[in-house]
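The next block is work.csv, given as CSV, C-alpha atoms.
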```
chain,number,residue,atom,x,y,z
A,1,MET,CA,0.0,0.0,0.0
A,2,ASP,CA,1.1,3.6,-0.4
A,3,VAL,CA,2.6,5.5,2.5
A,4,LYS,CA,-0.5,7.6,3.3
A,5,THR,CA,-2.7,4.5,3.5
A,6,TYR,CA,-0.1,2.7,5.5
A,7,MET,CA,0.2,5.5,8.0
A,8,GLN,CA,-3.5,5.9,8.4
A,9,GLN,CA,-3.8,2.2,9.1
A,10,VAL,CA,-1.0,2.5,11.7
A,11,GLY,CA,-2.9,5.5,13.3
A,12,ARG,CA,-6.2,3.6,13.4
A,13,ASN,CA,-4.5,0.6,15.0
A,14,ALA,CA,-2.8,2.9,17.6
A,15,ARG,CA,-6.0,4.7,18.5
A,16,GLU,CA,-7.8,1.4,19.0
A,17,ALA,CA,-4.9,-0.1,21.0
A,18,SER,CA,-4.7,3.0,23.2
A,19,ARG,CA,-8.1,2.1,24.7
A,20,ALA,CA,-6.7,-1.2,25.8
A,21,THR,CA,-3.5,0.2,27.2
A,22,ALA,CA,-5.4,2.9,29.1
A,23,ARG,CA,-7.4,0.3,31.0
A,24,ALA,CA,-4.6,-2.3,31.3
A,25,SER,CA,-3.8,-3.4,34.8
A,26,THR,CA,-0.4,-2.7,36.3
A,27,ALA,CA,0.2,-6.4,36.4
A,28,ALA,CA,-0.4,-6.8,32.7
A,29,LYS,CA,1.8,-3.9,31.8
A,30,ASN,CA,4.6,-5.2,34.0
A,31,THR,CA,4.3,-8.7,32.6
A,32,ALA,CA,4.7,-7.3,29.1
A,33,LEU,CA,7.8,-5.3,30.1
A,34,LEU,CA,9.5,-8.2,31.8
A,35,ALA,CA,8.7,-10.4,28.8
A,36,MET,CA,10.3,-7.8,26.5
A,37,ALA,CA,13.4,-7.8,28.6
A,38,ARG,CA,13.7,-11.6,28.4
A,39,ALA,CA,13.2,-11.4,24.6
A,40,ILE,CA,15.9,-8.9,24.2
A,41,ARG,CA,18.4,-11.0,26.2
A,42,GLY,CA,17.3,-14.1,24.3
A,43,ARG,CA,17.7,-12.5,20.9
A,44,ARG,CA,21.0,-10.8,21.7
A,45,ALA,CA,22.8,-12.4,18.8
A,46,GLU,CA,20.1,-11.3,16.3
A,47,LEU,CA,20.2,-7.7,17.6
A,48,LEU,CA,23.9,-7.5,17.3
A,49,ALA,CA,23.8,-8.9,13.8
A,50,ALA,CA,21.1,-6.5,12.7
A,51,ASN,CA,23.0,-3.6,14.3
A,52,ALA,CA,26.3,-4.6,12.7
A,53,ALA,CA,24.6,-4.5,9.3
A,54,ASP,CA,23.2,-1.0,10.1
A,55,VAL,CA,26.5,0.3,11.3
A,56,ALA,CA,28.4,-1.1,8.2
A,57,GLU,CA,25.9,0.6,5.9
A,58,ALA,CA,26.0,3.9,7.9
A,59,SER,CA,29.8,3.9,7.7
A,60,ALA,CA,29.7,3.3,4.0
A,61,ASN,CA,27.3,6.2,3.6
A,62,GLY,CA,29.7,8.5,5.4
A,63,LEU,CA,27.8,9.2,8.6
A,64,ASP,CA,29.8,11.1,11.1
A,65,ALA,CA,31.5,9.6,14.2
A,66,ALA,CA,28.9,11.0,16.6
A,67,MET,CA,26.1,9.4,14.7
A,68,ILE,CA,27.9,6.1,14.4
A,69,ASP,CA,28.5,6.2,18.2
A,70,ARG,CA,24.8,6.7,18.9
A,71,LEU,CA,23.9,4.0,16.4
A,72,THR,CA,26.2,1.2,17.7
A,73,LEU,CA,25.0,-1.5,20.1
A,74,THR,CA,27.2,-3.6,22.3
A,75,GLU,CA,26.6,-6.5,24.6
A,76,LYS,CA,26.6,-3.9,27.4
A,77,SER,CA,24.1,-1.6,25.8
A,78,ILE,CA,21.8,-4.5,25.0
A,79,GLU,CA,21.9,-5.6,28.6
A,80,ALA,CA,21.2,-2.0,29.6
A,81,MET,CA,18.1,-2.0,27.3
A,82,ALA,CA,16.8,-5.1,29.1
A,83,GLN,CA,17.6,-3.6,32.5
A,84,GLY,CA,15.8,-0.4,31.5
A,85,LEU,CA,12.6,-2.4,30.8
A,86,GLU,CA,12.9,-4.1,34.1
A,87,GLN,CA,13.4,-0.8,35.9
A,88,VAL,CA,10.3,0.7,34.3
A,89,ALA,CA,8.4,-2.3,35.4
A,90,ALA,CA,9.5,-1.7,38.9
A,91,LEU,CA,8.4,1.9,38.9
A,92,PRO,CA,5.1,2.9,40.5
A,93,ASP,CA,2.2,3.0,38.0
A,94,PRO,CA,1.1,6.6,37.7
A,95,ILE,CA,-2.2,5.9,36.0
A,96,GLY,CA,-5.3,6.4,38.1
A,97,GLU,CA,-3.4,8.2,40.8
A,98,ILE,CA,-5.7,10.7,42.6
A,99,SER,CA,-4.3,13.8,44.2
A,100,ASP,CA,-5.2,17.2,45.7
A,101,MET,CA,-8.7,16.1,46.8
A,102,LYS,CA,-10.4,19.0,48.6
A,103,ARG,CA,-13.9,19.3,50.0
A,104,ARG,CA,-15.7,22.4,48.8
A,105,PRO,CA,-18.4,24.4,50.7
A,106,SER,CA,-21.0,22.8,48.5
A,107,GLY,CA,-20.1,19.4,49.8
A,108,ILE,CA,-18.5,18.0,46.7
A,109,GLN,CA,-14.9,16.8,46.7
A,110,VAL,CA,-12.7,18.0,43.8
A,111,GLY,CA,-9.3,16.6,42.8
A,112,ARG,CA,-7.2,15.3,39.9
A,113,MET,CA,-6.6,11.9,38.4
A,114,ARG,CA,-3.5,11.0,36.3
A,115,VAL,CA,-4.4,9.6,32.9
A,116,PRO,CA,-2.6,8.6,29.7
A,117,LEU,CA,-2.1,11.1,26.9
A,118,GLY,CA,-3.4,8.5,24.4
A,119,VAL,CA,-1.3,7.9,21.3
A,120,VAL,CA,2.3,9.1,21.4
A,121,GLY,CA,4.3,9.5,18.2
A,122,ILE,CA,8.0,9.4,18.6
A,123,ILE,CA,10.4,10.3,15.8
A,124,TYR,CA,14.1,9.7,16.5
A,125,GLU,CA,17.4,9.2,14.7
A,126,ALA,CA,20.3,6.7,15.2
A,127,ARG,CA,19.7,5.5,18.8
A,128,PRO,CA,18.1,2.0,18.6
A,129,ASN,CA,17.8,1.8,22.4
A,130,VAL,CA,15.1,4.5,22.1
A,131,THR,CA,12.9,1.8,20.6
A,132,ALA,CA,12.9,-0.2,23.8
A,133,ASP,CA,12.9,2.8,26.1
A,134,ALA,CA,10.0,4.5,24.4
A,135,ALA,CA,8.0,1.3,24.2
A,136,ALA,CA,8.5,0.8,27.9
A,137,LEU,CA,7.6,4.3,29.0
A,138,CYS,CA,4.6,4.6,26.7
A,139,LEU,CA,3.2,1.3,27.8
A,140,LYS,CA,3.7,1.8,31.5
A,141,SER,CA,2.0,5.2,31.3
A,142,GLY,CA,-1.0,3.6,29.6
A,143,ASN,CA,-0.3,5.0,26.1
A,144,ALA,CA,-0.1,3.4,22.7
A,145,ALA,CA,3.1,4.3,20.7
A,146,ILE,CA,4.0,4.9,17.1
A,147,LEU,CA,7.8,4.8,16.8
A,148,ARG,CA,9.6,6.1,13.7
A,149,GLY,CA,13.3,5.5,13.9
A,150,GLY,CA,15.9,6.7,11.4
A,151,LYS,CA,16.6,4.7,8.3
A,152,GLU,CA,20.2,4.2,9.5
A,153,ALA,CA,18.8,1.9,12.3
A,154,LEU,CA,16.0,0.2,10.4
A,155,ARG,CA,17.2,-3.4,10.8
A,156,CYS,CA,18.0,-3.1,14.4
A,157,ASN,CA,14.8,-1.2,15.2
A,158,GLN,CA,12.7,-3.9,13.6
A,159,ALA,CA,14.6,-6.6,15.5
A,160,ILE,CA,13.9,-4.8,18.8
A,161,ALA,CA,10.3,-4.3,17.7
A,162,ALA,CA,9.9,-8.1,17.4
A,163,CYS,CA,11.0,-8.4,21.0
A,164,VAL,CA,8.4,-5.7,22.0
A,165,ARG,CA,5.6,-7.5,20.2
A,166,ALA,CA,6.6,-10.8,21.9
A,167,GLY,CA,6.3,-9.1,25.3
A,168,LEU,CA,2.9,-7.5,24.5
A,169,ALA,CA,1.6,-10.9,23.3
A,170,ALA,CA,2.8,-12.6,26.5
A,171,ALA,CA,0.7,-10.2,28.5
A,172,GLY,CA,-2.4,-10.5,26.3
A,173,LEU,CA,-2.1,-6.9,25.1
A,174,PRO,CA,-2.6,-5.9,21.5
A,175,GLU,CA,0.7,-6.0,19.5
A,176,THR,CA,-0.4,-2.7,17.9
A,177,ALA,CA,0.1,-1.0,21.3
A,178,VAL,CA,3.7,-0.3,20.1
A,179,GLN,CA,4.2,0.0,16.3
A,180,VAL,CA,7.6,0.6,14.8
A,181,ILE,CA,7.2,2.2,11.3
A,182,GLU,CA,8.6,-0.2,8.7
A,183,THR,CA,9.1,2.3,5.8
A,184,THR,CA,12.1,4.7,5.5
A,185,ASP,CA,10.1,7.0,3.3
A,186,ARG,CA,10.3,10.6,4.7
A,187,GLU,CA,6.7,11.1,3.8
A,188,ALA,CA,5.8,8.9,6.7
A,189,VAL,CA,6.9,11.6,9.1
A,190,GLY,CA,4.8,14.2,7.4
A,191,TYR,CA,1.7,12.0,7.8
A,192,LEU,CA,2.5,11.0,11.4
A,193,VAL,CA,2.7,14.6,12.6
A,194,ALA,CA,-0.5,15.6,10.9
A,195,MET,CA,-3.0,13.0,12.1
A,196,PRO,CA,-4.7,14.6,15.1
A,197,GLU,CA,-7.5,12.1,14.8
A,198,TYR,CA,-5.1,9.3,15.7
A,199,VAL,CA,-2.1,11.0,17.4
A,200,ASP,CA,-2.2,13.0,20.6
A,201,VAL,CA,1.4,14.2,21.0
A,202,ILE,CA,4.6,14.0,19.0
A,203,VAL,CA,8.1,13.7,20.5
A,204,PRO,CA,10.9,14.4,18.1
A,205,ARG,CA,14.5,13.3,19.0
A,206,GLY,CA,17.2,14.3,16.7
A,207,GLY,CA,19.0,17.1,15.0
A,208,LYS,CA,17.8,20.7,14.4
A,209,GLY,CA,16.6,19.8,10.9
A,210,LEU,CA,14.2,17.1,12.2
A,211,ILE,CA,13.0,19.4,15.1
A,212,GLU,CA,12.4,22.3,12.7
A,213,ARG,CA,10.5,20.1,10.3
A,214,VAL,CA,8.3,18.5,12.9
A,215,SER,CA,7.5,21.9,14.6
A,216,LYS,CA,6.6,23.4,11.2
A,217,GLU,CA,4.4,20.6,9.9
A,218,ALA,CA,2.8,19.2,13.1
A,219,ARG,CA,-0.9,19.5,13.6
A,220,VAL,CA,-0.7,17.9,17.1
A,221,PRO,CA,1.2,19.1,20.2
A,222,VAL,CA,5.0,18.6,20.1
A,223,ILE,CA,7.3,18.0,23.1
A,224,LYS,CA,10.6,19.3,21.7
A,225,HIS,CA,14.0,17.9,22.4
A,226,LEU,CA,16.4,20.5,21.1
A,227,ASP,CA,20.2,20.6,21.0
A,228,GLY,CA,22.3,20.5,24.1
A,229,ASN,CA,24.7,23.4,24.4
A,230,CYS,CA,25.5,22.6,28.0
A,231,HIS,CA,27.8,24.8,30.2
A,232,VAL,CA,30.0,24.3,33.2
A,233,TYR,CA,30.8,27.4,35.1
A,234,ILE,CA,33.9,27.4,37.4
A,235,ASP,CA,33.1,29.9,40.2
A,236,ASP,CA,35.6,31.9,42.1
A,237,ALA,CA,34.8,29.8,45.1
A,238,ALA,CA,35.2,26.5,43.3
A,239,ASP,CA,37.2,23.5,44.7
A,240,ALA,CA,40.0,23.0,42.1
A,241,THR,CA,39.9,19.2,42.3
A,242,LYS,CA,36.1,19.1,41.8
A,243,ALA,CA,36.4,21.6,38.9
A,244,LEU,CA,39.0,19.4,37.1
A,245,ASN,CA,37.1,16.2,37.6
A,246,ILE,CA,33.7,17.6,36.6
A,247,VAL,CA,34.9,19.3,33.5
A,248,GLU,CA,36.8,16.2,32.4
A,249,ASN,CA,33.7,14.0,32.8
A,250,ALA,CA,31.2,16.5,31.4
A,251,LYS,CA,33.2,17.0,28.2
A,252,THR,CA,35.2,13.8,27.6
A,253,GLN,CA,33.3,10.9,29.0
A,254,ARG,CA,31.2,10.8,25.8
A,255,LEU,CA,31.3,13.3,23.1
A,256,GLY,CA,28.2,12.6,21.1
A,257,THR,CA,25.4,13.1,23.7
A,258,CYS,CA,23.1,16.1,24.3
A,259,ASN,CA,24.2,16.4,27.9
A,260,THR,CA,27.9,16.7,27.1
A,261,ALA,CA,29.4,20.0,28.1
A,262,GLU,CA,30.2,22.2,25.0
A,263,SER,CA,31.0,25.4,26.8
A,264,LEU,CA,33.3,26.2,29.8
A,265,LEU,CA,33.1,29.5,31.8
A,266,ILE,CA,35.8,30.4,34.3
A,267,ALA,CA,35.6,33.1,36.9
A,268,ARG,CA,38.4,35.7,36.3
A,269,ALA,CA,39.6,35.4,40.0
A,270,VAL,CA,40.6,31.8,39.5
A,271,ALA,CA,41.4,31.8,35.8
A,272,VAL,CA,45.1,32.3,36.2
A,273,SER,CA,45.5,29.2,38.5
A,274,LEU,CA,42.8,26.9,36.9
A,275,ALA,CA,42.6,27.7,33.2
A,276,PRO,CA,46.1,26.3,32.2
A,277,THR,CA,45.4,23.1,34.2
A,278,LEU,CA,42.0,22.7,32.6
A,279,GLY,CA,43.4,23.5,29.2
A,280,ASN,CA,46.1,20.9,29.5
A,281,MET,CA,43.6,18.2,30.7
A,282,LEU,CA,41.3,18.9,27.8
A,283,SER,CA,44.2,18.9,25.3
A,284,ALA,CA,45.4,15.6,26.7
A,285,HIS,CA,42.0,14.2,25.7
A,286,GLY,CA,42.4,15.6,22.2
A,287,VAL,CA,39.8,18.4,22.7
A,288,GLU,CA,40.3,21.5,20.7
A,289,ILE,CA,39.8,24.7,22.8
A,290,ARG,CA,38.2,27.8,21.2
A,291,GLY,CA,38.6,30.6,23.7
A,292,CYS,CA,38.2,34.3,24.3
A,293,ALA,CA,41.3,36.6,24.2
A,294,GLU,CA,41.9,36.1,27.9
A,295,THR,CA,41.7,32.3,27.5
A,296,GLN,CA,44.2,32.4,24.7
A,297,LYS,CA,46.7,34.2,26.9
A,298,LEU,CA,46.3,31.6,29.7
A,299,VAL,CA,46.0,28.6,27.4
A,300,PRO,CA,48.5,28.9,24.6
A,301,GLN,CA,47.0,26.0,22.6
A,302,ALA,CA,43.6,27.7,22.5
A,303,ILE,CA,42.4,29.2,19.2
A,304,ALA,CA,40.1,32.2,18.9
A,305,ALA,CA,36.4,31.6,19.5
A,306,THR,CA,33.8,33.2,17.3
A,307,GLU,CA,30.4,34.4,18.4
A,308,GLN,CA,28.9,31.3,16.8
A,309,ASP,CA,31.2,29.1,18.9
A,310,TYR,CA,29.3,30.2,22.1
A,311,TYR,CA,26.0,28.9,20.6
A,312,ALA,CA,27.4,25.6,19.2
A,313,GLU,CA,26.6,22.1,20.1
A,314,TYR,CA,29.7,20.4,18.7
A,315,LEU,CA,29.1,16.8,19.5
A,316,ALA,CA,32.8,16.5,18.9
A,317,ALA,CA,36.2,17.0,20.6
A,318,ILE,CA,35.8,20.8,20.7
A,319,ILE,CA,34.9,23.2,23.6
A,320,SER,CA,34.3,26.9,23.8
A,321,VAL,CA,35.9,28.7,26.8
A,322,LYS,CA,35.3,32.2,28.2
A,323,ILE,CA,36.6,34.0,31.2
A,324,VAL,CA,33.8,35.9,33.0
A,325,ALA,CA,33.8,38.4,35.9
A,326,ASP,CA,31.6,36.5,38.3
A,327,VAL,CA,28.5,34.4,38.7
A,328,GLY,CA,26.3,37.2,37.4
A,329,GLU,CA,28.2,37.4,34.1
A,330,ALA,CA,28.2,33.6,33.9
A,331,ILE,CA,24.4,33.5,34.3
A,332,GLU,CA,23.9,36.2,31.7
A,333,HIS,CA,26.2,34.4,29.2
A,334,ILE,CA,24.4,31.1,29.8
A,335,ASN,CA,20.9,32.6,29.4
A,336,THR,CA,22.1,34.2,26.2
A,337,TYR,CA,23.9,31.3,24.5
A,338,SER,CA,22.6,28.2,26.2
A,339,SER,CA,20.1,25.9,24.5
A,340,ALA,CA,18.3,25.6,27.9
A,341,HIS,CA,19.2,22.0,28.3
A,342,THR,CA,21.6,21.5,31.2
A,343,ASP,CA,24.1,23.9,32.9
A,344,ALA,CA,26.3,23.4,36.0
A,345,ILE,CA,28.2,25.5,38.5
A,346,VAL,CA,31.2,24.4,40.5
A,347,THR,CA,31.3,26.3,43.7
A,348,GLU,CA,31.6,26.0,47.5
A,349,ASN,CA,29.7,29.3,47.9
A,350,TYR,CA,26.1,28.5,49.0
A,351,THR,CA,24.8,32.0,47.9
A,352,ASN,CA,26.3,31.7,44.5
A,353,ALA,CA,25.0,28.2,44.1
A,354,MET,CA,21.4,29.1,45.0
A,355,ARG,CA,21.5,32.2,42.7
A,356,PHE,CA,22.7,30.0,39.8
A,357,LEU,CA,19.9,27.5,40.5
A,358,ARG,CA,17.2,30.2,40.6
A,359,GLU,CA,18.4,32.3,37.7
A,360,VAL,CA,19.7,29.9,35.0
A,361,ASP,CA,16.7,29.3,32.8
A,362,SER,CA,17.4,25.7,31.7
A,363,ALA,CA,15.6,22.3,32.0
A,364,SER,CA,18.3,21.0,34.4
A,365,VAL,CA,20.6,23.1,36.6
A,366,MET,CA,23.3,21.5,38.7
A,367,VAL,CA,25.7,22.3,41.5
A,368,ASN,CA,29.0,20.5,41.7
A,369,ALA,CA,28.0,17.7,39.4
A,370,SER,CA,28.7,16.7,35.8
A,371,THR,CA,26.2,17.6,33.1
A,372,ARG,CA,26.3,14.0,32.0
A,373,PHE,CA,23.9,13.2,34.9
A,374,ALA,CA,21.0,14.9,32.9
A,375,ASP,CA,19.4,11.6,32.0
A,376,GLY,CA,16.2,9.8,32.8
A,377,PHE,CA,18.0,6.7,34.1
A,378,GLU,CA,20.3,8.8,36.4
A,379,TYR,CA,17.3,10.8,37.6
A,380,GLY,CA,15.5,7.7,38.7
A,381,LEU,CA,12.9,7.7,35.9
A,382,GLY,CA,14.0,4.3,34.7
A,383,ALA,CA,14.3,5.6,31.1
A,384,GLU,CA,13.4,8.6,29.1
A,385,ILE,CA,12.0,9.3,25.7
A,386,GLY,CA,13.9,12.6,25.5
A,387,ILE,CA,15.0,15.7,27.3
A,388,SER,CA,12.4,18.4,26.8
A,389,THR,CA,13.7,22.0,26.5
A,390,ASP,CA,10.1,23.3,26.4
A,391,LYS,CA,8.5,25.0,29.4
A,392,PHE,CA,5.0,23.6,29.2
A,393,HIS,CA,3.7,20.2,30.4
A,394,ALA,CA,7.1,18.3,30.4
A,395,ARG,CA,10.5,19.8,31.0
A,396,GLY,CA,13.9,18.0,31.3
A,397,PRO,CA,14.0,14.2,31.0
A,398,VAL,CA,10.5,13.0,30.0
A,399,GLY,CA,9.6,9.8,31.9
A,400,LEU,CA,6.3,8.3,33.0
A,401,GLU,CA,4.7,11.5,34.4
A,402,GLY,CA,5.7,13.4,31.3
A,403,LEU,CA,3.6,11.0,29.2
A,404,THR,CA,0.5,11.6,31.3
A,405,SER,CA,-2.0,14.3,31.9
A,406,GLN,CA,-4.4,15.1,34.8
A,407,LYS,CA,-8.1,15.4,34.6
A,408,TRP,CA,-10.4,16.9,37.2
A,409,ILE,CA,-12.6,14.6,39.1
A,410,VAL,CA,-15.5,15.4,41.3
A,411,LEU,CA,-17.0,13.1,44.0
A,412,GLY,CA,-20.4,14.0,45.3
A,413,ASP,CA,-23.3,12.6,47.3
A,414,GLY,CA,-26.3,14.0,45.6
A,415,GLU,CA,-25.2,17.7,45.7
A,416,VAL,CA,-26.8,20.1,43.3
A,417,ARG,CA,-25.8,23.7,42.5
A,418,GLY,CA,-28.2,26.3,43.9
```

Go ahead and render the structure in this file as structure tokens.
Amino acid sequence: MDVKTYMQQVGRNAREASRATARASTAAKNTALLAMARAIRGRRAELLAANAADVAEASANGLDAAMIDRLTLTEKSIEAMAQGLEQVAALPDPIGEISDMKRRPSGIQVGRMRVPLGVVGIIYEARPNVTADAAALCLKSGNAAILRGGKEALRCNQAIAACVRAGLAAAGLPETAVQVIETTDREAVGYLVAMPEYVDVIVPRGGKGLIERVSKEARVPVIKHLDGNCHVYIDDAADATKALNIVENAKTQRLGTCNTAESLLIARAVAVSLAPTLGNMLSAHGVEIRGCAETQKLVPQAIAATEQDYYAEYLAAIISVKIVADVGEAIEHINTYSSAHTDAIVTENYTNAMRFLREVDSASVMVNASTRFADGFEYGLGAEIGISTDKFHARGPVGLEGLTSQKWIVLGDGEVRG
């Protein structure tokens, strides 16, 4: 069938399945998740073979190193997928939770109940683990999911999808509760984001081009996951050892992730003592330093930074560095150039730390910790379908609660309004 007909069929299947997932018991959902985990472990060899074929084709097509890194599965990452499913199964079920019940003068009780969003469409690039994570989170939160992975991960995504279907079948839930789009035709995305009769929310995960396209074409609400220009600010009251360790981890532990630090700010009062050490550490890891004029004087290997460098998400062994006067200038710089993803301060000054937490306008703001912790797993969400840089509904790592809404409920005993 043509792409439009195919996508409409997928949408109808998802809408019908969403009614089953919305009323599914916690036990049924957990049974499905645990069965998915067993299937992933049991089909490890198949997943690795499918992924190897995807990686080989991606390399032949000239995909960059950061994309290849996100695409590649290992024995360890497959086990992490299985554990992620088990962790989501172990999380409390948010659906049906009643909160804020208050009795009104009329006698009625008014409160809220947490409910699924309905059908969640997720569009993502490269990362095959998103297929398992998204399936787990959507199912546990009572939603049906339509997953559209990138063409570079088609084989592996379909192999994971088979594990997901096996888990759903084991729990007696409709296999259409999680559908992984089988076509690589770009038109599929256009139809997916423009079917409000079937899809309730879209979550795009990928580069700026994907986000811009989805935001432009969508006829349903979008939870956006934009780029991660994350900052680490070394305050004038920073502990030098903490500063070195945090910057090293935030920038070099993994280059191709959205929570990797791309910008380093150093307070002028400690720049003379810390900038050379930080610069040498980064250079030892092969990181190119692009700095302001003051940085270049203190770090001879640094090259001149342009205005654009301060906005950049490199996803590569490059970092921008700027010397600032104090925490106030650091906050101003971050709120100007940051992508509002994750930003950190290293300081032993409580007042500066609290000011940074209050005034930096990002989804995650940290004190004395690596930006690499900005992650659903590390935050105790079990997994995430993305890190939202929006300010409405869901912000930061989007886990179970981010995939639900609340409706008002009223409990009465025959009351009528006079």

Please identify all polymer residues within 12 Å of range 79-86 of chain A, counting all atoms listed in the file, omitting same-chain residues fewer than 4 positions from it, and present them as an NGL selection string. :A and (29-45 or 47-48 or 73-75 or 90-91 or 127-140 or 160 or 163-164 or 167 or 376-378 or 380-385 or 399)

Quick one: residues within 9 Å of Val193 in chain A, all atoms listed in the file, excluding same-chain residues fewer than 5 positions away - as JSON, numbers by chain? {"A": [121, 188, 199, 201, 202, 214, 215, 217, 218, 219, 220, 221, 222]}

Would you please work out which residue, of A:Ala170, A:Ala344, A:Ala53, A:Leu411, is nearest to Ala250 in chain A when using only C-alpha atoms?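 The closest residue to Ala250 in chain A is A:Ala344.
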
Selection: 9 Å around Val189 in chain A, all atoms listed in the file, excl. self and same-chain fewer than 3 positions, as a list in words: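 The residues that qualify are Ile123, Arg148, Asp185, Arg186, Leu192, Val193, Ala194 and Val214 of chain A.
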
I'd like the interatomic distance between CA of Met113 in chain A and CA of Val410 in chain A, to a tenth of an Å.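 Those two atoms sit 10.0 Å apart.
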
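When all atoms listed in the file are used to compute distances to Ala363 in chain A, the closest of the residues A:Thr257, A:Ala305, A:Leu226, A:Asn245 turns out to be A:Leu226.
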
Selection near Leu403 in chain A, 9 Å with only C-alpha atoms, sequence-local residues under 4 positions removed, as a PyMOL selection string: chain A and resi 115-118+120+137-138+141-143+394+398-399

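Compared by their closest atoms to Leu244 in chain A, and using all atoms listed in the file, the residues A:Ala275, A:Thr176, A:Glu187, A:Arg205 rank with A:Ala275 nearest.
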
Coordinates-based distance that separates CA of Ala316 in chain A from CA of Arg254 in chain A (Å, one decimal):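 So the two atoms, CA of Arg254 in chain A and CA of Ala316 in chain A, lie 9.1 Å apart.
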